[in-house]
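Trainee: Next up, start.csv (CSV, C-alpha atoms).
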```
chain,number,residue,atom,x,y,z
A,246,MET,CA,92.2,115.3,103.6
A,247,THR,CA,91.1,113.3,106.6
A,248,ALA,CA,93.0,110.4,108.2
A,249,PHE,CA,91.1,107.1,108.2
A,250,THR,CA,91.8,103.5,109.0
A,251,ALA,CA,90.2,101.0,106.7
A,252,THR,CA,89.8,97.5,108.1
A,253,VAL,CA,89.7,94.8,105.4
A,254,THR,CA,88.6,91.4,106.6
A,255,VAL,CA,89.1,88.5,104.1
A,256,ARG,CA,87.3,85.3,104.7
A,257,LEU,CA,87.0,82.0,102.8
A,258,LYS,CA,83.7,81.8,100.9
A,259,HIS,CA,81.0,79.7,102.4
A,260,GLY,CA,81.6,76.1,101.5
A,261,VAL,CA,85.3,76.4,100.8
A,262,LEU,CA,87.2,74.0,103.0
A,263,ASP,CA,89.5,75.5,105.7
A,264,PRO,CA,91.9,72.8,106.8
A,265,GLU,CA,93.8,75.2,109.1
A,266,ALA,CA,90.6,76.2,110.9
A,267,GLU,CA,89.6,72.6,111.3
A,268,THR,CA,93.0,71.7,112.8
A,269,THR,CA,92.8,74.7,115.1
A,270,GLN,CA,89.3,73.6,116.3
A,271,ARG,CA,90.5,70.1,116.9
A,272,SER,CA,93.4,71.5,118.9
A,273,LEU,CA,91.0,73.6,121.1
A,274,GLU,CA,88.9,70.6,121.7
A,275,ARG,CA,92.0,68.6,122.7
A,276,LEU,CA,92.5,71.4,125.3
A,277,GLY,CA,89.1,70.6,126.7
A,278,PHE,CA,87.1,73.5,125.1
A,279,GLU,CA,83.7,72.9,123.7
A,280,LEU,CA,82.8,74.7,120.4
A,281,GLU,CA,80.4,74.1,117.5
A,282,ASP,CA,82.5,75.6,114.7
A,283,LEU,CA,85.5,77.8,114.1
A,284,ARG,CA,86.1,80.1,111.2
A,285,SER,CA,89.4,82.0,110.5
A,286,ALA,CA,89.9,85.2,108.6
A,287,ASP,CA,92.7,87.6,107.7
A,288,MET,CA,92.4,91.2,108.8
A,289,PHE,CA,94.3,94.1,107.3
A,290,GLU,CA,94.3,97.6,108.8
A,291,LEU,CA,95.1,100.2,106.2
A,292,ASP,CA,95.9,103.8,107.2
A,293,ILE,CA,94.5,106.0,104.4
A,294,ASP,CA,94.3,109.7,104.0
A,295,ALA,CA,91.3,110.6,101.8
A,296,ASP,CA,88.7,113.4,101.2
A,297,SER,CA,85.9,111.3,102.6
A,298,ALA,CA,85.2,108.0,104.3
A,299,ASP,CA,83.7,106.8,101.0
A,300,ALA,CA,86.8,107.6,99.1
A,301,ALA,CA,88.9,105.7,101.7
A,302,ALA,CA,86.5,102.8,101.5
A,303,ASP,CA,86.7,102.8,97.7
A,304,ARG,CA,90.5,102.7,97.8
A,305,ALA,CA,90.5,99.9,100.3
A,306,ASP,CA,88.0,98.0,98.3
A,307,GLU,CA,90.2,98.2,95.2
A,308,MET,CA,93.2,96.9,97.2
A,309,ALA,CA,91.1,94.0,98.3
A,310,GLU,CA,90.0,93.3,94.7
A,311,ARG,CA,93.5,93.6,93.3
A,312,LEU,CA,95.6,91.8,96.0
A,313,LEU,CA,94.3,91.2,99.5
A,314,ALA,CA,91.6,88.8,98.5
A,315,ASN,CA,91.4,86.1,95.8
A,316,PRO,CA,87.9,86.4,94.4
A,317,THR,CA,88.0,82.6,93.5
A,318,ILE,CA,88.0,81.6,97.2
A,319,HIS,CA,87.4,84.7,99.3
A,320,ASP,CA,84.7,87.2,100.3
A,321,TYR,CA,85.8,90.4,102.1
A,322,ASP,CA,84.4,93.4,103.8
A,323,VAL,CA,85.7,96.9,104.4
A,324,GLU,CA,85.0,99.1,107.5
A,325,VAL,CA,86.3,102.7,107.7
A,326,MET,CA,86.9,104.7,110.9
A,327,ALA,CA,88.4,108.1,111.4
A,328,ARG,CA,92.0,107.9,112.6
A,329,GLU,CA,93.3,110.0,115.5
B,142,MET,CA,114.6,79.6,70.6
B,143,THR,CA,115.1,80.1,74.3
B,144,ILE,CA,112.8,79.2,77.1
B,145,ALA,CA,112.9,81.9,79.9
B,146,VAL,CA,112.8,80.3,83.3
B,147,ILE,CA,111.7,83.1,85.5
B,148,GLN,CA,113.4,83.4,88.9
B,149,PHE,CA,111.7,85.2,91.7
B,150,GLY,CA,113.1,85.7,95.2
B,151,GLY,CA,112.4,82.3,96.7
B,152,SER,CA,112.1,80.2,93.5
B,153,ASN,CA,114.0,77.0,94.0
B,154,CYS,CA,113.1,74.8,91.0
B,155,ASP,CA,114.6,77.3,88.5
B,156,ARG,CA,117.9,75.5,88.0
B,157,ASP,CA,116.3,72.1,87.9
B,158,SER,CA,114.0,73.3,85.2
B,159,VAL,CA,116.8,74.7,83.1
B,160,GLN,CA,118.8,71.5,83.5
B,161,ALA,CA,115.8,69.3,82.6
B,162,LEU,CA,115.0,71.4,79.5
B,163,GLU,CA,118.6,71.5,78.3
B,164,SER,CA,119.1,67.8,78.8
B,165,MET,CA,116.3,67.4,76.3
B,166,GLY,CA,118.0,69.7,73.9
B,167,VAL,CA,115.7,72.7,74.6
B,168,ALA,CA,117.6,75.9,75.1
B,169,ALA,CA,116.7,77.5,78.4
B,170,GLU,CA,118.0,80.3,80.5
B,171,LEU,CA,117.4,81.8,84.0
B,172,VAL,CA,115.8,85.2,83.9
B,173,TRP,CA,115.7,87.3,87.1
B,174,HIS,CA,112.2,88.8,87.4
B,175,GLU,CA,113.5,92.4,87.6
B,176,ASP,CA,115.4,92.0,84.3
B,177,GLY,CA,112.3,91.6,82.1
B,178,LEU,CA,111.8,89.0,79.4
B,179,PRO,CA,114.7,88.6,76.9
B,180,GLU,CA,113.8,89.5,73.3
B,181,ASP,CA,114.5,86.0,72.0
B,182,THR,CA,112.1,84.4,74.4
B,183,THR,CA,110.1,81.7,72.7
B,184,GLY,CA,108.6,80.1,75.8
B,185,ILE,CA,108.2,80.9,79.5
B,186,MET,CA,108.4,78.6,82.5
B,187,LEU,CA,107.3,79.7,85.9
B,188,PRO,CA,109.2,77.3,88.2
B,189,GLY,CA,108.4,76.0,91.6
B,190,GLY,CA,109.6,77.3,94.9
B,191,PHE,CA,108.3,79.7,97.6
B,192,SER,CA,108.3,83.1,95.9
B,193,TYR,CA,108.1,85.9,98.4
B,194,GLY,CA,108.0,83.4,101.2
B,195,ASP,CA,104.4,82.5,100.2
B,196,TYR,CA,103.3,85.7,101.9
B,197,LEU,CA,99.6,86.4,101.9
B,198,ARG,CA,98.9,83.4,99.6
B,199,ALA,CA,101.3,81.2,97.7
B,200,GLY,CA,102.1,83.0,94.4
B,201,ALA,CA,100.1,86.2,95.3
B,202,MET,CA,103.1,88.6,95.3
B,203,ALA,CA,104.9,87.1,92.3
B,204,ALA,CA,101.7,87.2,90.3
B,205,ARG,CA,101.6,91.0,90.7
B,206,SER,CA,105.3,91.7,89.9
B,207,PRO,CA,106.0,93.7,86.8
B,208,ILE,CA,107.4,90.8,84.7
B,209,MET,CA,104.0,89.1,84.9
B,210,ALA,CA,102.5,91.9,82.7
B,211,ASP,CA,105.2,90.9,80.1
B,212,VAL,CA,104.3,87.2,80.6
B,213,ARG,CA,100.6,87.9,80.0
B,214,ASP,CA,101.4,89.9,76.9
B,215,ALA,CA,103.6,87.2,75.6
B,216,ALA,CA,101.0,84.6,76.4
B,217,ALA,CA,98.4,86.7,74.5
B,218,ASP,CA,100.7,86.7,71.5
B,219,GLY,CA,100.9,82.9,71.6
B,220,THR,CA,104.1,82.3,73.5
B,221,PRO,CA,103.9,79.0,75.4
B,222,VAL,CA,103.7,79.4,79.2
B,223,LEU,CA,104.0,76.6,81.7
B,224,GLY,CA,103.7,77.1,85.5
B,225,VAL,CA,104.8,74.3,87.8
B,226,CYS,CA,104.0,74.1,91.5
B,227,ASN,CA,104.6,77.7,92.8
B,228,GLY,CA,104.5,78.6,89.2
B,229,ALA,CA,101.0,77.1,89.0
B,230,GLN,CA,100.0,79.1,92.0
B,231,ILE,CA,101.4,82.2,90.3
B,232,GLY,CA,99.6,81.4,87.1
B,233,CYS,CA,96.2,81.1,88.9
B,234,GLU,CA,96.8,84.2,91.0
B,235,SER,CA,97.7,86.2,87.9
B,236,THR,CA,94.5,84.9,86.2
B,237,LEU,CA,96.5,83.3,83.3
B,238,THR,CA,94.7,80.1,84.4
B,239,PRO,CA,91.4,79.7,86.2
B,240,GLY,CA,90.8,78.7,89.8
B,241,ALA,CA,93.1,78.8,92.8
B,242,PHE,CA,95.5,76.4,94.5
B,243,THR,CA,95.0,76.6,98.3
B,244,THR,CA,95.8,74.8,101.5
B,245,ASN,CA,96.0,71.0,101.2
B,246,GLU,CA,93.1,69.2,102.8
B,247,SER,CA,95.6,67.6,105.2
B,248,ALA,CA,96.9,71.1,106.2
B,249,ARG,CA,100.3,69.6,105.8
B,250,PHE,CA,103.2,70.0,103.3
B,251,GLN,CA,103.2,66.9,101.2
B,252,CYS,CA,106.2,65.6,99.3
B,253,GLU,CA,105.6,62.3,97.6
B,254,HIS,CA,105.1,60.6,94.2
B,255,VAL,CA,101.6,60.5,92.8
B,256,HIS,CA,99.9,59.0,89.8
B,257,LEU,CA,98.2,61.2,87.2
B,258,ARG,CA,95.7,60.3,84.5
B,259,VAL,CA,96.0,62.3,81.3
B,260,GLU,CA,92.6,63.8,80.7
B,261,ASN,CA,93.3,65.6,77.4
B,262,ALA,CA,96.1,64.4,75.2
B,263,ASP,CA,95.3,67.1,72.6
B,264,THR,CA,97.4,69.9,74.1
B,265,PRO,CA,101.1,70.8,73.5
B,266,TRP,CA,101.9,69.6,77.0
B,267,THR,CA,100.2,66.2,76.7
B,268,ALA,CA,100.4,65.4,73.0
B,269,GLN,CA,103.0,62.7,73.6
B,270,TYR,CA,100.7,60.8,76.0
B,271,GLU,CA,97.6,58.9,75.3
B,272,GLU,CA,94.3,60.0,76.8
B,273,GLY,CA,93.8,58.0,79.9
B,274,GLU,CA,97.5,57.1,80.2
B,275,VAL,CA,98.7,56.9,83.8
B,276,ILE,CA,102.0,58.6,84.6
B,277,GLU,CA,104.0,59.1,87.9
B,278,LEU,CA,105.4,62.5,89.0
B,279,PRO,CA,106.5,64.0,92.3
B,280,ILE,CA,104.5,66.6,94.2
B,281,ALA,CA,105.9,68.9,96.9
B,282,HIS,CA,103.4,71.4,98.1
B,283,GLY,CA,101.4,72.7,101.1
B,284,GLU,CA,98.9,74.7,99.0
B,285,GLY,CA,97.9,72.5,96.1
B,286,ARG,CA,94.2,71.9,96.6
B,287,TYR,CA,92.4,73.1,93.5
B,288,GLU,CA,89.4,75.3,94.2
B,289,ILE,CA,87.0,76.8,91.8
B,290,THR,CA,83.2,77.1,91.6
B,291,ASP,CA,81.3,74.0,90.6
B,292,GLU,CA,79.9,75.8,87.5
B,293,ARG,CA,83.3,76.9,86.4
B,294,LEU,CA,84.8,73.5,86.9
B,295,ASP,CA,82.0,71.9,84.8
B,296,GLU,CA,82.8,74.3,82.0
B,297,LEU,CA,86.5,73.4,82.2
B,298,GLU,CA,85.7,69.7,82.1
B,299,ARG,CA,83.4,70.2,79.2
B,300,ASP,CA,86.0,72.3,77.3
B,301,GLY,CA,88.8,69.8,77.8
B,302,ARG,CA,90.8,72.2,79.9
B,303,ILE,CA,91.8,69.7,82.6
B,304,LEU,CA,95.2,68.3,81.8
B,305,PHE,CA,95.7,65.8,84.6
B,306,LYS,CA,93.8,64.3,87.5
B,307,TYR,CA,95.3,62.5,90.5
B,308,CYS,CA,94.5,58.8,90.3
B,309,ASP,CA,95.7,55.5,91.6
B,310,ALA,CA,98.1,53.2,89.8
B,311,GLU,CA,95.3,51.7,87.7
B,312,GLY,CA,94.1,55.2,86.6
B,313,GLU,CA,91.0,55.3,88.9
B,314,VAL,CA,90.2,58.7,90.3
B,315,THR,CA,89.4,57.9,93.9
B,316,PRO,CA,89.4,60.0,97.1
B,317,GLU,CA,92.3,58.0,98.5
B,318,ALA,CA,94.4,58.8,95.4
B,319,ASN,CA,93.7,62.5,95.7
B,320,PRO,CA,96.7,63.8,97.8
B,321,ASN,CA,95.4,67.3,98.6
B,322,GLY,CA,91.7,67.3,98.3
B,323,SER,CA,91.6,69.1,94.9
B,324,LYS,CA,88.1,69.5,93.4
B,325,HIS,CA,87.5,66.7,90.8
B,326,ALA,CA,91.1,65.7,91.6
B,327,VAL,CA,92.4,68.3,89.3
B,328,ALA,CA,96.3,68.5,89.1
B,329,GLY,CA,96.7,70.7,86.1
B,330,VAL,CA,94.6,73.0,83.9
B,331,THR,CA,95.0,75.1,80.8
B,332,GLY,CA,94.3,78.8,80.3
B,333,GLU,CA,91.8,80.2,77.7
B,334,ARG,CA,94.1,78.7,75.1
B,335,ASP,CA,96.0,75.5,75.6
B,336,HIS,CA,99.5,76.9,75.1
B,337,VAL,CA,99.2,78.3,78.6
B,338,ALA,CA,99.0,75.6,81.3
B,339,VAL,CA,99.7,75.1,85.0
B,340,MET,CA,100.2,72.0,87.1
B,341,MET,CA,101.1,71.2,90.7
B,342,PRO,CA,103.2,68.0,90.1
B,343,HIS,CA,106.8,68.5,89.0
B,344,PRO,CA,107.6,67.2,85.4
B,345,GLU,CA,111.1,68.6,85.7
B,346,ARG,CA,111.8,66.3,88.6
B,347,ALA,CA,111.1,63.3,86.5
B,348,SER,CA,112.9,64.2,83.3
B,349,LEU,CA,116.6,63.2,83.7
B,350,ASP,CA,117.5,59.7,82.4
B,351,ASP,CA,120.1,59.4,85.2
B,352,LEU,CA,117.4,59.8,87.9
B,353,GLY,CA,115.1,57.0,87.1
B,354,ARG,CA,111.6,57.9,85.8
B,355,THR,CA,111.3,60.3,82.9
B,356,ASP,CA,107.5,60.6,82.8
B,357,GLY,CA,107.7,64.4,82.9
B,358,GLN,CA,109.7,64.8,79.7
B,359,PRO,CA,106.7,64.9,77.4
B,360,VAL,CA,105.3,67.9,79.3
B,361,LEU,CA,108.5,69.9,78.9
B,362,ASP,CA,108.6,68.8,75.3
B,363,GLY,CA,105.6,71.0,74.8
B,364,PHE,CA,108.1,73.9,74.6
B,365,ALA,CA,109.9,72.2,71.6
B,366,ASP,CA,106.8,71.9,69.4
```
Render the structure in this file as structure tokens.
Mentor:
Amino acid sequence: MTAFTATVTVRLKHGVLDPEAETTQRSLERLGFELEDLRSADMFELDIDADSADAAADRADEMAERLLANPTIHDYDVEVMARE
Amino acid sequence: MTIAVIQFGGSNCDRDSVQALESMGVAAELVWHEDGLPEDTTGIMLPGGFSYGDYLRAGAMAARSPIMADVRDAAADGTPVLGVCNGAQIGCESTLTPGAFTTNESARFQCEHVHLRVENADTPWTAQYEEGEVIELPIAHGEGRYEITDERLDELERDGRILFKYCDAEGEVTPEANPNGSKHAVAGVTGERDHVAVMMPHPERASLDDLGRTDGQPVLDGFAD
């Protein structure tokens, strides 16, 4: 078994309105910053012990499918790194 | 017959729901989610509130609690299921009903009365209304914007699975009358079969004769049929 950290990033699908991101952008602009767009995402770091990086990625993928993301509105990606 | 009103940690419309049902002569009882469904359950209500503090997404945690497997089995066997507000979010998160309820377009919690147009009067929940009838119910939610793909929504429209749409007092569906930015102004939908339904507005909050309007009674009466 090897120790991995899988990072799952969950984003709204392209075209799905993100009112919180819009509000955050407006707030940044009120502070005097210039920006063209702002997208927000949720990030989860999962410490997983598995036989291989692929096995860890598969497990993280299933967690995203089953709970961390809602397939109706979200896309997600999984990145796996060895954990010290 | 007894309607099981399921309590999760953070439910807060559970007692109102029981009171509203019983005032209409429909036997109802509170069921703590860890206790499982009682054997004499003839209907299931998923009440409003903030189950699990809306962690992750509203309804996400409750939708994956063990009792929801019982609810899905019961629904598959034909037991009526109604999800209201947080119960609607739980219904969609558990895939009992299609789509998702997410952050209001305003990014604010909204607590107000809205008008709804009855889109399909041929379901247990709307049979006492006329198609096109305008009713008034309260909403109280921060995540009530209905989202689904355009293709899926067209299918739902075609199959008569939209129960209610937000509208103005005259029954016109306009952007101004849409309180949360829901796609096609959808306020409630049915599952694959129409004995399963969810809606963001609160019928139980407009069901007691002593409290003014009773526009929500016919929805709850869907359990009595």
Trainee: Give me, as a ChimeraX atom specification, all polymer residues having an atom no more than 8 Å from Val261 in chain A, counting only C-alpha atoms and skipping those fewer than 4 positions away in the same chain.
Mentor: /A:257,318 /B:288
Trainee: Excluding same-chain residues fewer than 5 positions from Ser348 in chain B, what lies within 7 Å of it counting only C-alpha atoms, as a list in words?
Mentor: Ala161, Arg354, Thr355, Asp356, Gly357 and Gln358 of chain B
Trainee: Using all atoms listed in the file, which residues sit within 12 Å of range 300-303 of chain A once same-chain residues fewer than 5 positions away are excluded, as a PyMOL selection string?
Mentor: chain A and resi 246-253+290-295+308-310+322-328
Trainee: Keeping C-alpha atoms for every residue in the selection just given, could you write it to a file as a PDB file, in the frame of the given file?
Mentor:
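Final output, result-v1.pdb:
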```
ATOM      1  CA  MET A 246      92.200 115.300 103.600  1.00  0.00           C
ATOM      2  CA  THR A 247      91.100 113.300 106.600  1.00  0.00           C
ATOM      3  CA  ALA A 248      93.000 110.400 108.200  1.00  0.00           C
ATOM      4  CA  PHE A 249      91.100 107.100 108.200  1.00  0.00           C
ATOM      5  CA  THR A 250      91.800 103.500 109.000  1.00  0.00           C
ATOM      6  CA  ALA A 251      90.200 101.000 106.700  1.00  0.00           C
ATOM      7  CA  THR A 252      89.800  97.500 108.100  1.00  0.00           C
ATOM      8  CA  VAL A 253      89.700  94.800 105.400  1.00  0.00           C
ATOM      9  CA  GLU A 290      94.300  97.600 108.800  1.00  0.00           C
ATOM     10  CA  LEU A 291      95.100 100.200 106.200  1.00  0.00           C
ATOM     11  CA  ASP A 292      95.900 103.800 107.200  1.00  0.00           C
ATOM     12  CA  ILE A 293      94.500 106.000 104.400  1.00  0.00           C
ATOM     13  CA  ASP A 294      94.300 109.700 104.000  1.00  0.00           C
ATOM     14  CA  ALA A 295      91.300 110.600 101.800  1.00  0.00           C
ATOM     15  CA  MET A 308      93.200  96.900  97.200  1.00  0.00           C
ATOM     16  CA  ALA A 309      91.100  94.000  98.300  1.00  0.00           C
ATOM     17  CA  GLU A 310      90.000  93.300  94.700  1.00  0.00           C
ATOM     18  CA  ASP A 322      84.400  93.400 103.800  1.00  0.00           C
ATOM     19  CA  VAL A 323      85.700  96.900 104.400  1.00  0.00           C
ATOM     20  CA  GLU A 324      85.000  99.100 107.500  1.00  0.00           C
ATOM     21  CA  VAL A 325      86.300 102.700 107.700  1.00  0.00           C
ATOM     22  CA  MET A 326      86.900 104.700 110.900  1.00  0.00           C
ATOM     23  CA  ALA A 327      88.400 108.100 111.400  1.00  0.00           C
ATOM     24  CA  ARG A 328      92.000 107.900 112.600  1.00  0.00           C
TER      25      ARG A 328
END
```
Trainee: So that I can check the surroundings of Asn315 in chain A, please list as a PDB file with C-alpha atoms, in the coordinates of the input every protein, DNA and RNA residue that reaches within 12 Å of it, counting all atoms listed in the file and ignoring chain neighbours fewer than 3 positions away.
Mentor:
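See out.pdb below for the written result:
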```pdb
ATOM      1  CA  VAL A 255      89.100  88.500 104.100  1.00  0.00           C
ATOM      2  CA  ARG A 256      87.300  85.300 104.700  1.00  0.00           C
ATOM      3  CA  LEU A 257      87.000  82.000 102.800  1.00  0.00           C
ATOM      4  CA  LYS A 258      83.700  81.800 100.900  1.00  0.00           C
ATOM      5  CA  MET A 308      93.200  96.900  97.200  1.00  0.00           C
ATOM      6  CA  ALA A 309      91.100  94.000  98.300  1.00  0.00           C
ATOM      7  CA  GLU A 310      90.000  93.300  94.700  1.00  0.00           C
ATOM      8  CA  ARG A 311      93.500  93.600  93.300  1.00  0.00           C
ATOM      9  CA  LEU A 312      95.600  91.800  96.000  1.00  0.00           C
ATOM     10  CA  ILE A 318      88.000  81.600  97.200  1.00  0.00           C
ATOM     11  CA  HIS A 319      87.400  84.700  99.300  1.00  0.00           C
ATOM     12  CA  ASP A 320      84.700  87.200 100.300  1.00  0.00           C
ATOM     13  CA  TYR A 321      85.800  90.400 102.100  1.00  0.00           C
TER      14      TYR A 321
ATOM     15  CA  LEU B 197      99.600  86.400 101.900  1.00  0.00           C
ATOM     16  CA  ARG B 198      98.900  83.400  99.600  1.00  0.00           C
ATOM     17  CA  ALA B 199     101.300  81.200  97.700  1.00  0.00           C
ATOM     18  CA  GLY B 200     102.100  83.000  94.400  1.00  0.00           C
ATOM     19  CA  ALA B 201     100.100  86.200  95.300  1.00  0.00           C
ATOM     20  CA  MET B 202     103.100  88.600  95.300  1.00  0.00           C
ATOM     21  CA  ALA B 204     101.700  87.200  90.300  1.00  0.00           C
ATOM     22  CA  GLN B 230     100.000  79.100  92.000  1.00  0.00           C
ATOM     23  CA  CYS B 233      96.200  81.100  88.900  1.00  0.00           C
ATOM     24  CA  GLU B 234      96.800  84.200  91.000  1.00  0.00           C
ATOM     25  CA  SER B 235      97.700  86.200  87.900  1.00  0.00           C
ATOM     26  CA  THR B 236      94.500  84.900  86.200  1.00  0.00           C
ATOM     27  CA  PRO B 239      91.400  79.700  86.200  1.00  0.00           C
ATOM     28  CA  GLY B 240      90.800  78.700  89.800  1.00  0.00           C
ATOM     29  CA  ALA B 241      93.100  78.800  92.800  1.00  0.00           C
ATOM     30  CA  PHE B 242      95.500  76.400  94.500  1.00  0.00           C
ATOM     31  CA  THR B 243      95.000  76.600  98.300  1.00  0.00           C
ATOM     32  CA  GLU B 288      89.400  75.300  94.200  1.00  0.00           C
ATOM     33  CA  ILE B 289      87.000  76.800  91.800  1.00  0.00           C
TER      34      ILE B 289
END
```
Trainee: Hey, which of B:Ala347, B:Leu178, B:Val330, B:Ile276 ends up closest to Thr220 in chain B? Count only C-alpha atoms.
Mentor: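 Once distances to Thr220 in chain B are computed over only C-alpha atoms, the minimum belongs to B:Leu178.
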Trainee: A:Pro316, A:Ser272, A:Glu329, A:Ala298: which is nearest chain B, counting all atoms listed in the file?
Mentor: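 Nearest to chain B: A:Pro316.
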Trainee: Would you work out the distance separating CA of Thr269 in chain A from CA of Glu284 in chain B, expressed in Å to one decimal?
Mentor: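 A separation of 17.2 Å between them.
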Trainee: Taking all atoms listed in the file into account, find every residue of chain A that has an atom no more than 7 Å from chain B, and write it out as number ranges by chain.
Mentor: A: 264-265, 317
Trainee: Quick one: everything within 6 Å of Gly224 in chain B, counting only C-alpha atoms, minus sequence neighbours fewer than 2 positions away in the same chain. Send it as a PyMOL selection string.
Mentor: chain B and resi 186-187+228-229+339
Trainee: List every protein, DNA or RNA residue with an atom no more than 12 Å from (83.3, 74.2, 118.8) in the file's coordinates, counting all atoms listed in the file, and format the result as an MDAnalysis selection string.
Mentor: chainID A and resid 266:284
Trainee: I need the residue nearest Arg156 in chain B from this list: B:Leu171, B:Phe364, B:Glu317, B:Thr238. Use all atoms listed in the file for the distance.
Mentor: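 Checking each of B:Leu171, B:Phe364, B:Glu317, B:Thr238 against Arg156 in chain B, counting all atoms listed in the file, the winner is B:Leu171.
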